[in-house]
>>> print(open('coords27.cif').read())   # mmCIF, C-alpha atoms
data_start
#
loop_
_atom_site.label_atom_id
_atom_site.label_comp_id
_atom_site.auth_asym_id
_atom_site.auth_seq_id
_atom_site.Cartn_x
_atom_site.Cartn_y
_atom_site.Cartn_z
CA MET R 1 18.20 -14.49 17.47
CA ARG R 2 15.88 -11.63 18.40
CA THR R 3 13.48 -12.15 21.26
CA CYS R 4 9.85 -11.19 21.66
CA LEU R 5 7.80 -11.22 24.84
CA VAL R 6 4.16 -12.05 24.11
CA VAL R 7 1.86 -10.63 26.78
CA ASP R 8 -1.78 -11.68 26.66
CA ASP R 9 -4.14 -13.30 29.14
CA SER R 10 -5.51 -15.55 26.41
CA ARG R 11 -3.46 -18.67 25.89
CA VAL R 12 -4.95 -19.04 22.40
CA ILE R 13 -3.85 -15.56 21.35
CA ARG R 14 -0.36 -16.17 22.78
CA LYS R 15 -0.13 -19.38 20.79
CA VAL R 16 -1.24 -17.72 17.54
CA ALA R 17 1.14 -14.78 18.07
CA ARG R 18 4.02 -17.08 18.96
CA LYS R 19 3.54 -19.04 15.75
CA ILE R 20 3.59 -15.86 13.65
CA LEU R 21 6.62 -14.45 15.48
CA GLU R 22 8.59 -17.68 15.27
CA GLU R 23 8.03 -17.69 11.53
CA LEU R 24 9.57 -14.21 11.52
CA ASP R 25 12.59 -15.65 13.35
CA PHE R 26 11.82 -14.38 16.83
CA GLU R 27 12.43 -16.42 19.93
CA CYS R 28 9.33 -16.06 22.13
CA VAL R 29 8.70 -15.79 25.84
CA GLU R 30 5.13 -15.60 27.14
CA ALA R 31 3.47 -13.75 29.99
CA ALA R 32 -0.20 -13.77 31.02
CA ASP R 33 -0.38 -10.24 32.45
CA GLY R 34 1.61 -7.05 32.90
CA SER R 35 3.08 -8.08 36.23
CA GLU R 36 4.42 -11.38 34.86
CA ALA R 37 5.73 -9.45 31.88
CA LEU R 38 7.59 -7.01 34.10
CA ASP R 39 9.22 -9.94 35.94
CA ALA R 40 10.26 -11.44 32.61
CA CYS R 41 11.77 -8.11 31.51
CA ARG R 42 13.74 -7.80 34.75
CA LYS R 43 15.26 -11.20 34.03
CA GLN R 44 16.01 -10.36 30.43
CA MET R 45 14.97 -7.40 28.30
CA PRO R 46 13.45 -8.66 25.04
CA ASP R 47 13.94 -6.91 21.69
CA ALA R 48 10.19 -6.65 21.16
CA ILE R 49 7.03 -6.89 23.25
CA LEU R 50 3.62 -7.73 21.80
CA LEU R 51 1.22 -6.39 24.38
CA ASP R 52 -2.47 -6.87 25.10
CA TRP R 53 -4.31 -4.02 26.83
CA ASN R 54 -6.97 -5.59 29.03
CA MET R 55 -5.48 -8.14 31.40
CA PRO R 56 -5.93 -9.03 35.08
CA VAL R 57 -3.40 -7.98 37.77
CA MET R 58 -1.65 -5.36 35.62
CA ASN R 59 -2.96 -4.10 32.30
CA GLY R 60 -0.89 -3.30 29.23
CA LEU R 61 -0.93 0.46 29.71
CA ASP R 62 0.33 0.28 33.30
CA PHE R 63 2.92 -2.25 32.17
CA VAL R 64 4.39 -0.04 29.45
CA LYS R 65 4.55 2.94 31.82
CA ALA R 66 6.37 0.79 34.41
CA LEU R 67 8.64 -0.75 31.79
CA ARG R 68 9.82 2.62 30.49
CA ARG R 69 10.94 3.53 34.04
CA GLU R 70 13.01 0.34 34.40
CA GLU R 71 16.71 0.31 33.71
CA GLY R 72 17.08 -0.68 30.05
CA GLY R 73 13.29 -0.46 29.71
CA ASP R 74 13.58 2.12 26.97
CA LYS R 75 15.09 -0.48 24.63
CA PRO R 76 12.31 -2.94 23.74
CA VAL R 77 10.03 -2.09 20.87
CA VAL R 78 6.53 -2.21 22.32
CA VAL R 79 3.67 -3.12 20.01
CA PHE R 80 0.20 -3.01 21.49
CA CYS R 81 -2.10 -5.72 20.19
CA THR R 82 -5.62 -5.16 21.43
CA THR R 83 -9.32 -5.00 20.64
CA GLU R 84 -9.27 -1.37 21.82
CA ASN R 85 -9.46 0.23 18.39
CA ASP R 86 -10.35 3.86 18.95
CA MET R 87 -8.19 6.94 18.50
CA ALA R 88 -8.28 7.81 22.22
CA HIS R 89 -6.76 4.48 23.23
CA ILE R 90 -4.16 4.62 20.47
CA THR R 91 -2.94 8.09 21.40
CA GLU R 92 -2.91 7.15 25.09
CA ALA R 93 -0.74 4.12 24.31
CA LEU R 94 1.69 6.17 22.23
CA ARG R 95 1.93 8.79 24.97
CA ALA R 96 2.70 6.06 27.52
CA GLY R 97 5.64 4.91 25.40
CA ALA R 98 4.32 2.33 22.94
CA ASP R 99 6.01 2.26 19.50
CA GLU R 100 3.35 0.58 17.41
CA TYR R 101 -0.26 -0.49 17.67
CA VAL R 102 -2.14 -3.45 16.23
CA MET R 103 -5.92 -3.52 16.33
CA LYS R 104 -7.31 -7.02 16.72
CA PRO R 105 -8.14 -9.13 14.81
CA PHE R 106 -4.64 -9.44 13.41
CA ASP R 107 -2.85 -11.80 11.07
CA GLY R 108 0.75 -12.56 10.17
CA GLU R 109 0.84 -9.86 7.51
CA ILE R 110 -0.18 -7.13 9.95
CA ILE R 111 2.33 -8.23 12.61
CA GLU R 112 5.08 -8.34 10.00
CA SER R 113 4.10 -4.93 8.59
CA LYS R 114 4.07 -3.37 12.06
CA LEU R 115 7.45 -4.83 13.01
CA GLN R 116 8.80 -3.41 9.77
CA GLN R 117 7.49 0.02 10.79
CA THR R 118 9.51 -0.18 13.99
CA GLY R 119 12.65 -1.07 12.07
CA LEU R 120 12.97 -4.43 13.84
CA LEU R 121 12.24 -6.23 10.61
CA ARG R 122 13.52 -5.23 7.22
CA ALA R 123 10.93 -4.62 4.53
CA SER R 124 10.77 -7.68 2.30
CA MET A 1 -14.72 -25.77 -14.60
CA ILE A 2 -15.16 -22.90 -17.00
CA LYS A 3 -15.19 -23.99 -20.63
CA ILE A 4 -12.09 -23.13 -22.62
CA GLU A 5 -14.10 -21.16 -25.20
CA ASP A 6 -15.56 -19.04 -22.39
CA ILE A 7 -12.07 -18.33 -21.07
CA THR A 8 -10.87 -17.42 -24.57
CA PHE A 9 -13.84 -15.12 -25.09
CA VAL A 10 -13.42 -13.36 -21.75
CA ALA A 11 -9.65 -13.07 -22.23
CA ALA A 12 -10.11 -11.48 -25.67
CA GLU A 13 -12.67 -8.98 -24.37
CA ALA A 14 -10.54 -8.06 -21.35
CA TYR A 15 -7.49 -7.63 -23.56
CA LYS A 16 -9.35 -5.41 -26.00
CA ARG A 17 -10.63 -3.19 -23.20
CA SER A 18 -7.70 -2.99 -20.82
CA GLY A 19 -4.62 -4.63 -22.34
CA LEU A 20 -4.81 -7.25 -19.61
CA VAL A 21 -3.25 -10.48 -20.79
CA LEU A 22 -5.02 -13.52 -19.45
CA SER A 23 -3.63 -16.85 -20.56
CA THR A 24 -6.04 -19.75 -20.90
CA ASP A 25 -4.41 -21.58 -17.98
CA LYS A 26 -5.82 -18.89 -15.69
CA GLY A 27 -9.19 -20.61 -15.28
CA TYR A 28 -8.84 -20.59 -11.49
CA LEU A 29 -8.28 -16.81 -11.53
CA LEU A 30 -11.42 -16.36 -13.60
CA GLU A 31 -13.43 -18.45 -11.19
CA SER A 32 -12.27 -16.68 -8.04
CA ARG A 33 -12.69 -13.20 -9.50
CA LEU A 34 -15.89 -13.65 -11.48
CA ALA A 35 -17.87 -15.61 -8.87
CA PRO A 36 -18.58 -12.50 -6.74
CA LEU A 37 -19.53 -10.54 -9.88
CA ALA A 38 -21.90 -13.29 -11.06
CA ARG A 39 -23.60 -13.21 -7.65
CA ALA A 40 -23.79 -9.41 -7.60
CA GLU A 41 -25.29 -9.35 -11.11
CA GLY A 42 -27.85 -12.00 -10.18
CA TYR A 43 -26.60 -14.88 -12.32
CA PRO A 44 -26.66 -18.44 -10.94
CA SER A 45 -23.15 -19.20 -12.20
CA ILE A 46 -20.09 -17.75 -13.92
CA GLU A 47 -21.10 -19.62 -17.08
CA ALA A 48 -24.48 -17.84 -17.02
CA LEU A 49 -22.74 -14.48 -16.54
CA ILE A 50 -20.41 -15.07 -19.49
CA ALA A 51 -23.25 -16.43 -21.63
CA ALA A 52 -25.29 -13.28 -20.98
CA ALA A 53 -22.36 -11.00 -21.80
CA ARG A 54 -21.79 -13.00 -24.96
CA ARG A 55 -25.36 -13.22 -26.14
CA GLU A 56 -26.10 -9.53 -25.76
CA SER A 57 -22.55 -8.23 -26.41
CA ASN A 58 -23.44 -6.41 -23.24
CA ASP A 59 -20.81 -3.67 -23.03
CA ARG A 60 -21.54 -2.74 -19.44
CA LEU A 61 -21.26 -6.37 -18.34
CA LEU A 62 -18.06 -6.88 -20.33
CA TRP A 63 -16.53 -3.85 -18.63
CA ALA A 64 -17.60 -5.18 -15.26
CA ILE A 65 -15.94 -8.50 -16.10
CA THR A 66 -12.75 -6.72 -17.19
CA GLU A 67 -12.72 -4.69 -14.00
CA ALA A 68 -13.23 -7.80 -11.88
CA LEU A 69 -10.37 -9.58 -13.62
CA ALA A 70 -7.85 -6.78 -13.07
CA THR A 71 -5.69 -6.90 -9.97
CA HIS A 72 -6.45 -4.05 -7.58
CA GLU A 73 -4.06 -5.16 -4.86
CA THR A 74 -2.43 -2.20 -3.13
CA PHE A 75 -1.51 -0.92 0.29
CA PHE A 76 -0.08 2.16 1.95
CA PHE A 77 3.65 2.74 1.34
CA ARG A 78 3.83 -0.48 -0.64
CA ASP A 79 7.44 -1.65 -1.02
CA ASN A 80 8.68 1.38 0.94
CA THR A 81 11.70 2.01 -1.32
CA PRO A 82 9.89 4.12 -3.96
CA PHE A 83 8.55 6.36 -1.21
CA ASP A 84 11.99 6.73 0.37
CA LEU A 85 13.37 7.61 -3.07
CA PHE A 86 10.59 10.11 -3.61
CA LYS A 87 11.24 11.82 -0.29
CA GLN A 88 15.02 11.64 -0.09
CA GLU A 89 16.08 12.03 -3.72
CA ILE A 90 13.35 13.08 -6.09
CA LEU A 91 11.89 15.89 -3.99
CA PRO A 92 15.26 17.55 -3.21
CA VAL A 93 16.40 17.29 -6.84
CA LEU A 94 13.16 18.68 -8.24
CA SER A 95 12.91 21.44 -5.67
CA ARG A 96 16.46 22.59 -6.56
CA ALA A 97 15.74 22.35 -10.28
CA ARG A 98 12.38 24.10 -10.19
CA GLY A 99 12.79 26.69 -7.49
CA ASN A 100 10.21 28.30 -5.29
CA MET A 101 6.60 28.87 -6.28
CA SER A 102 6.62 26.33 -9.08
CA THR A 103 4.23 23.38 -9.17
CA ILE A 104 5.49 19.81 -9.16
CA ARG A 105 3.04 17.52 -10.94
CA ILE A 106 2.80 13.87 -9.92
CA TRP A 107 0.78 11.18 -11.64
CA CYS A 108 -0.18 7.87 -10.05
CA ALA A 109 -1.19 5.77 -13.06
CA ALA A 110 -3.43 2.86 -12.03
CA CYS A 111 -3.88 4.07 -8.46
CA SER A 112 -6.46 1.43 -7.52
CA SER A 113 -8.16 2.36 -4.22
CA GLY A 114 -5.88 5.35 -3.60
CA GLN A 115 -3.28 4.12 -1.11
CA GLU A 116 -0.34 5.16 -3.32
CA PRO A 117 -1.38 8.80 -3.98
CA TYR A 118 -2.40 9.24 -0.34
CA SER A 119 0.97 7.86 0.81
CA LEU A 120 2.64 10.52 -1.36
CA ALA A 121 0.32 13.18 0.04
CA MET A 122 1.34 12.15 3.57
CA ILE A 123 5.01 12.57 2.69
CA LEU A 124 4.37 16.01 1.18
CA GLU A 125 2.42 17.06 4.25
CA GLU A 126 5.18 15.82 6.56
CA GLU A 127 7.87 17.55 4.50
CA LYS A 128 5.93 20.77 4.11
CA ALA A 129 8.32 22.91 6.16
CA ARG A 130 11.30 21.80 4.07
CA LEU A 131 9.51 22.27 0.76
CA GLY A 132 9.01 26.00 1.15
CA GLY A 133 6.83 27.61 -1.47
CA LEU A 134 6.83 24.63 -3.79
CA ARG A 135 3.35 23.53 -4.80
CA PHE A 136 2.22 20.02 -5.65
CA GLU A 137 -0.47 18.47 -7.72
CA ILE A 138 -1.17 14.75 -7.46
CA VAL A 139 -3.30 13.27 -10.22
CA ALA A 140 -4.38 9.69 -9.61
CA THR A 141 -6.08 7.60 -12.27
CA ASP A 142 -7.49 4.14 -12.72
CA MET A 143 -9.63 2.49 -15.37
CA ALA A 144 -11.91 0.85 -12.80
CA PRO A 145 -14.76 3.04 -11.51
CA ARG A 146 -15.37 0.87 -8.44
CA VAL A 147 -11.88 1.30 -6.97
CA LEU A 148 -11.82 4.97 -8.00
CA GLU A 149 -14.98 5.59 -5.98
CA LYS A 150 -13.31 4.07 -2.95
CA ALA A 151 -10.17 6.13 -3.58
CA LYS A 152 -12.21 9.34 -3.82
CA ALA A 153 -14.04 8.55 -0.59
CA GLY A 154 -10.71 7.93 1.12
CA VAL A 155 -12.29 5.58 3.63
CA TYR A 156 -10.43 2.44 4.63
CA SER A 157 -11.05 -0.58 6.81
CA GLN A 158 -9.12 -1.40 9.95
CA PHE A 159 -7.36 -4.15 8.01
CA GLU A 160 -6.31 -1.78 5.20
CA VAL A 161 -4.87 0.88 7.51
CA GLN A 162 -2.73 -1.72 9.24
CA ARG A 163 -0.90 -2.77 6.09
CA GLY A 164 2.15 -0.58 5.53
CA LEU A 165 0.99 2.35 7.61
CA ALA A 166 2.86 3.34 10.76
CA ILE A 167 0.54 4.01 13.70
CA GLN A 168 1.81 7.58 14.00
CA ARG A 169 0.71 8.23 10.42
CA LEU A 170 -2.71 6.76 11.12
CA VAL A 171 -3.10 9.10 14.08
CA THR A 172 -1.82 12.13 12.17
CA HIS A 173 -3.53 11.69 8.81
CA PHE A 174 -6.85 9.93 9.48
CA ASP A 175 -10.12 10.53 11.29
CA GLN A 176 -11.96 7.58 12.72
CA SER A 177 -15.61 6.99 11.94
CA GLY A 178 -16.89 3.82 13.54
CA ASP A 179 -14.59 1.00 12.53
CA GLN A 180 -13.57 2.86 9.36
CA TRP A 181 -10.73 5.32 8.92
CA ARG A 182 -11.13 8.41 6.74
CA ILE A 183 -8.17 10.26 5.24
CA LYS A 184 -8.10 13.86 6.52
CA PRO A 185 -9.60 16.54 4.25
CA ASN A 186 -6.27 18.35 3.75
CA LEU A 187 -4.74 15.20 2.25
CA ARG A 188 -7.88 14.33 0.34
CA SER A 189 -7.79 17.75 -1.31
CA MET A 190 -4.20 17.22 -2.47
CA VAL A 191 -5.24 14.43 -4.84
CA THR A 192 -7.36 14.69 -7.99
CA PHE A 193 -8.88 11.37 -9.03
CA GLN A 194 -10.02 10.70 -12.56
CA LYS A 195 -10.88 7.74 -14.74
CA GLN A 196 -8.21 6.90 -17.27
CA ASN A 197 -7.57 3.72 -19.19
CA LEU A 198 -3.87 3.53 -20.08
CA LEU A 199 -4.78 2.11 -23.49
CA GLU A 200 -6.65 5.29 -24.29
CA ASN A 201 -5.27 8.70 -25.18
CA PHE A 202 -3.96 10.59 -22.15
CA SER A 203 -2.03 13.34 -23.93
CA GLY A 204 -4.49 15.90 -22.56
CA MET A 205 -3.30 15.31 -19.01
CA GLY A 206 -0.28 17.55 -19.47
CA THR A 207 3.33 17.13 -18.42
CA PHE A 208 4.35 15.45 -15.18
CA ASP A 209 7.53 15.66 -13.12
CA VAL A 210 7.04 12.26 -11.55
CA ILE A 211 5.00 9.33 -12.80
CA PHE A 212 4.32 6.33 -10.60
CA CYS A 213 3.34 3.38 -12.78
CA ARG A 214 4.00 0.41 -10.56
CA ASN A 215 2.92 -3.17 -11.05
CA VAL A 216 0.69 -2.26 -13.97
CA LEU A 217 2.64 -3.04 -17.11
CA ILE A 218 3.36 -6.56 -15.82
CA TYR A 219 -0.16 -7.49 -16.90
CA PHE A 220 0.40 -6.35 -20.49
CA ASP A 221 2.15 -7.91 -23.47
CA ALA A 222 5.42 -6.48 -24.78
CA ASP A 223 3.83 -4.41 -27.56
CA THR A 224 1.34 -2.82 -25.21
CA LYS A 225 4.12 -2.10 -22.70
CA LYS A 226 6.21 -0.42 -25.41
CA ARG A 227 3.34 1.74 -26.61
CA ILE A 228 2.37 2.81 -23.09
CA LEU A 229 5.97 3.61 -22.12
CA GLN A 230 6.35 5.72 -25.26
CA ARG A 231 3.19 7.65 -24.43
CA LEU A 232 4.20 8.03 -20.78
CA ALA A 233 7.53 9.45 -21.93
CA ALA A 234 5.67 12.09 -23.92
CA GLN A 235 3.98 13.22 -20.68
CA THR A 236 7.18 13.24 -18.62
CA ALA A 237 9.20 16.43 -18.14
CA SER A 238 12.67 16.24 -19.70
CA ASP A 239 14.17 16.06 -16.20
CA GLY A 240 11.27 14.07 -14.77
CA TYR A 241 11.09 10.58 -13.33
CA LEU A 242 9.24 7.34 -13.90
CA ILE A 243 8.86 4.89 -11.05
CA MET A 244 8.01 1.28 -11.77
CA GLY A 245 7.52 -1.81 -9.60
CA ALA A 246 10.50 -3.61 -8.11
CA ALA A 247 10.10 -6.55 -10.50
CA GLU A 248 9.64 -4.40 -13.62
CA THR A 249 12.03 -2.84 -16.09
CA VAL A 250 11.99 -0.64 -19.19
CA VAL A 251 15.04 -2.41 -20.57
CA GLY A 252 14.26 -3.70 -24.04
CA LEU A 253 10.93 -1.85 -24.04
CA SER A 254 11.78 1.82 -24.14
CA GLN A 255 14.55 4.06 -25.41
CA ASP A 256 12.90 7.06 -23.82
CA PHE A 257 13.65 6.14 -20.23
CA ALA A 258 16.98 5.16 -18.70
CA PRO A 259 17.51 3.51 -15.32
CA VAL A 260 18.95 5.71 -12.56
CA GLU A 261 22.02 3.80 -11.50
CA GLY A 262 21.75 2.00 -8.19
CA ARG A 263 18.07 2.91 -7.76
CA ARG A 264 15.88 -0.03 -8.54
CA GLY A 265 12.64 0.91 -10.24
CA LEU A 266 13.65 4.53 -10.84
CA TYR A 267 14.02 5.88 -14.37
CA GLY A 268 14.82 9.25 -15.86
CA ARG A 269 14.19 10.53 -19.37
CA SER A 270 16.99 9.43 -21.66
CA GLY A 271 19.38 12.19 -22.51
CA ALA A 272 18.80 13.99 -19.23
CA ALA A 273 21.85 12.84 -17.25
CA LYS A 274 20.62 11.49 -13.98
CA SER A 275 22.76 10.35 -11.13
CA ALA A 276 21.74 9.43 -7.64
CA ALA A 277 21.52 12.48 -5.41
CA ALA A 278 24.15 12.61 -2.72
#
>>> encode(input="coords27.cif", output="structure tokens")
Amino acid sequence: MRTCLVVDDSRVIRKVARKILEELDFECVEAADGSEALDACRKQMPDAILLDWNMPVMNGLDFVKALRREEGGDKPVVVFCTTENDMAHITEALRAGADEYVMKPFDGEIIESKLQQTGLLRAS
Amino acid sequence: MIKIEDITFVAAEAYKRSGLVLSTDKGYLLESRLAPLARAEGYPSIEALIAAARRESNDRLLWAITEALATHETFFFRDNTPFDLFKQEILPVLSRARGNMSTIRIWCAACSSGQEPYSLAMILEEEKARLGGLRFEIVATDMAPRVLEKAKAGVYSQFEVQRGLAIQRLVTHFDQSGDQWRIKPNLRSMVTFQKQNLLENFSGMGTFDVIFCRNVLIYFDADTKKRILQRLAAQTASDGYLIMGAAETVVGLSQDFAPVEGRRGLYGRSGAAKSAAA
């Protein structure tokens, strides 16, 4: 089973995302900020990471930069999922090593469509 | 509940105007699609809207009803496969067959709010270096003025640009204005939008190398499908292609098109031997 790390400081968002991802056959692990997420990745690299931008301790952008320097950190597909919805943020995220970008609010269809774009999910 | 005679009346009018087949068990569809129109037109109920259209044989209102009943569902790169086929097989075959400096004509029949023609324009833009001096013309048509206006504007919501569109394509091919996303002028200028009802004569549109007619004929009865396919064939180059929806087929409906083996939804003109490109 493929794994997805859900990184968001909102427990509600994590729960919603987990439900969507489990329906798409992902096994989910949760983290509340970038630092927790990095710890989780060091234990086990997930196949995908759904990543919020604004979080305490370590934000999503710093996390993805750090992740890409880790051994095996080039592997996970990183999908930002954030309220930051302007071109400047999107290009900054892509430059830092993100693969896809979801602008909140999101729903199951958008998550599925974005995971298809990354090749992690086959188009239905 | 809408009265059965109202459903029958609306179904007959929509069929006459657009070919749309609406069976009388589709009362729920009528309700969900006509309620917003009734509100917009200032009627207290769907019944009042239909009664007004009936009483005055109000042509404008009957068109508005027909338009509201049609399905305009679409998104960027919908179903993916047809776009992969277009890029990986159709373009190479046509560019070899036509040679430099010729113009490849593409028609998106029933383009709704424009996501299909713009997806094709994105591919052409991305493949530009490989396509050399080949020129392209994308003609996109729909019978519904409301969706055509949106298509022409090329402005999409955050929700719409997140369905089927890779983030890299959003960054490359769109400008942001507020919370809306506008297709870039170079792509916008690659597509010509015009109103065209598939039931009406389209022989003046000329010959096309590729026709996308996806998820349209499913709403028509067999006779209408046959007639439209025959007329589409007349506008298709002898070595041209027709692309239909994944759940559609020409089998039993047209002798003019033949399936390209192993390529679901892809058809060539009969007689022109077509095999999948290597």
>>> interface_residues(input="coords27.cif", of="chain A", to="chain R", cutoff="10 Å", atoms="all atoms listed in the file", output="PyMOL selection string")
chain A and resi 78-81+158-168+170-171+174-179
>>> axis_aligned_box(input="coords27.cif", around="stretch 44-54 of chain R", padding_each_side="6 Å", output="JSON")
{"center_x": 4.5, "center_y": -7.2, "center_z": 25.8, "size_x": 35.0, "size_y": 18.3, "size_z": 21.3}
>>> closest_residue(input="coords27.cif", among="A:Lys195, A:Val210, A:Val250, A:Ser270", to="A:Ile90", atoms="all atoms listed in the file")
A:Val210
>>> residues_around(input="coords27.cif", residues="A:Tyr241", least_positions_apart="2", cutoff="10 Å", atoms="all atoms listed in the file", output="ChimeraX atom specification")
/A:86,90,94,106,208-212,233,236-239,243-244,257-260,266-269,274
>>> residues_near_point(input="coords27.cif", point="(14.4, 14.0, 1.7)", cutoff="12 Å", atoms="all atoms listed in the file", output="number ranges by chain")
A: 83-95, 123-124, 126-131, 277-278
>>> residues_near_point(input="coords27.cif", point="(-7.9, -9.7, 27.6)", cutoff="10 Å", atoms="all atoms listed in the file", output="PyMOL selection string")
chain R and resi 7-10+13+32-33+52-56+59-60+82-83
>>> resolve_selection(input="coords27.cif", expression="the PyMOL selection byres ((chain A and resi 69) around 10)", output="PyMOL selection string")
chain A and resi 10-11+14+20+22+29-34+37+63-68+70-72
>>> closest_residue(input="coords27.cif", among="A:Leu229, A:Ile138, A:Val216, A:Val191", to="A:Gly252", atoms="all atoms listed in the file")
A:Leu229
>>> closest_residue(input="coords27.cif", among="R:Lys43, R:Arg18, R:Arg95, R:His89", to="R:Gly73", atoms="only C-alpha atoms")
R:Lys43
>>> residues_around(input="coords27.cif", residues="R:Met1", least_positions_apart="6", cutoff="9 Å", atoms="only C-alpha atoms", output="count of residues only")
3
>>> atom_distance(input="coords27.cif", atom1="atom CA of A:Asp59", atom2="atom CA of A:Gly154")
28.6 Å
>>> atom_distance(input="coords27.cif", atom1="atom CA of A:Met122", atom2="atom CA of A:Arg231")
28.4 Å
>>> closest_residue(input="coords27.cif", among="R:Ala31, R:Cys41, R:Ala66, R:Leu61", to="R:Glu92", atoms="only C-alpha atoms")
R:Leu61
>>> resolve_selection(input="coords27.cif", expression="the PyMOL selection byres ((chain A and resi 146) around 10)", output="PyMOL selection string")
chain A and resi 64+67-68+112-113+142-145+147-151
>>> resolve_selection(input="coords27.cif", expression="the PyMOL selection byres ((chain R and resi 35) around 8)", output="MDAnalysis selection string")
chainID R and resid 33:34 36:39 57:58 63
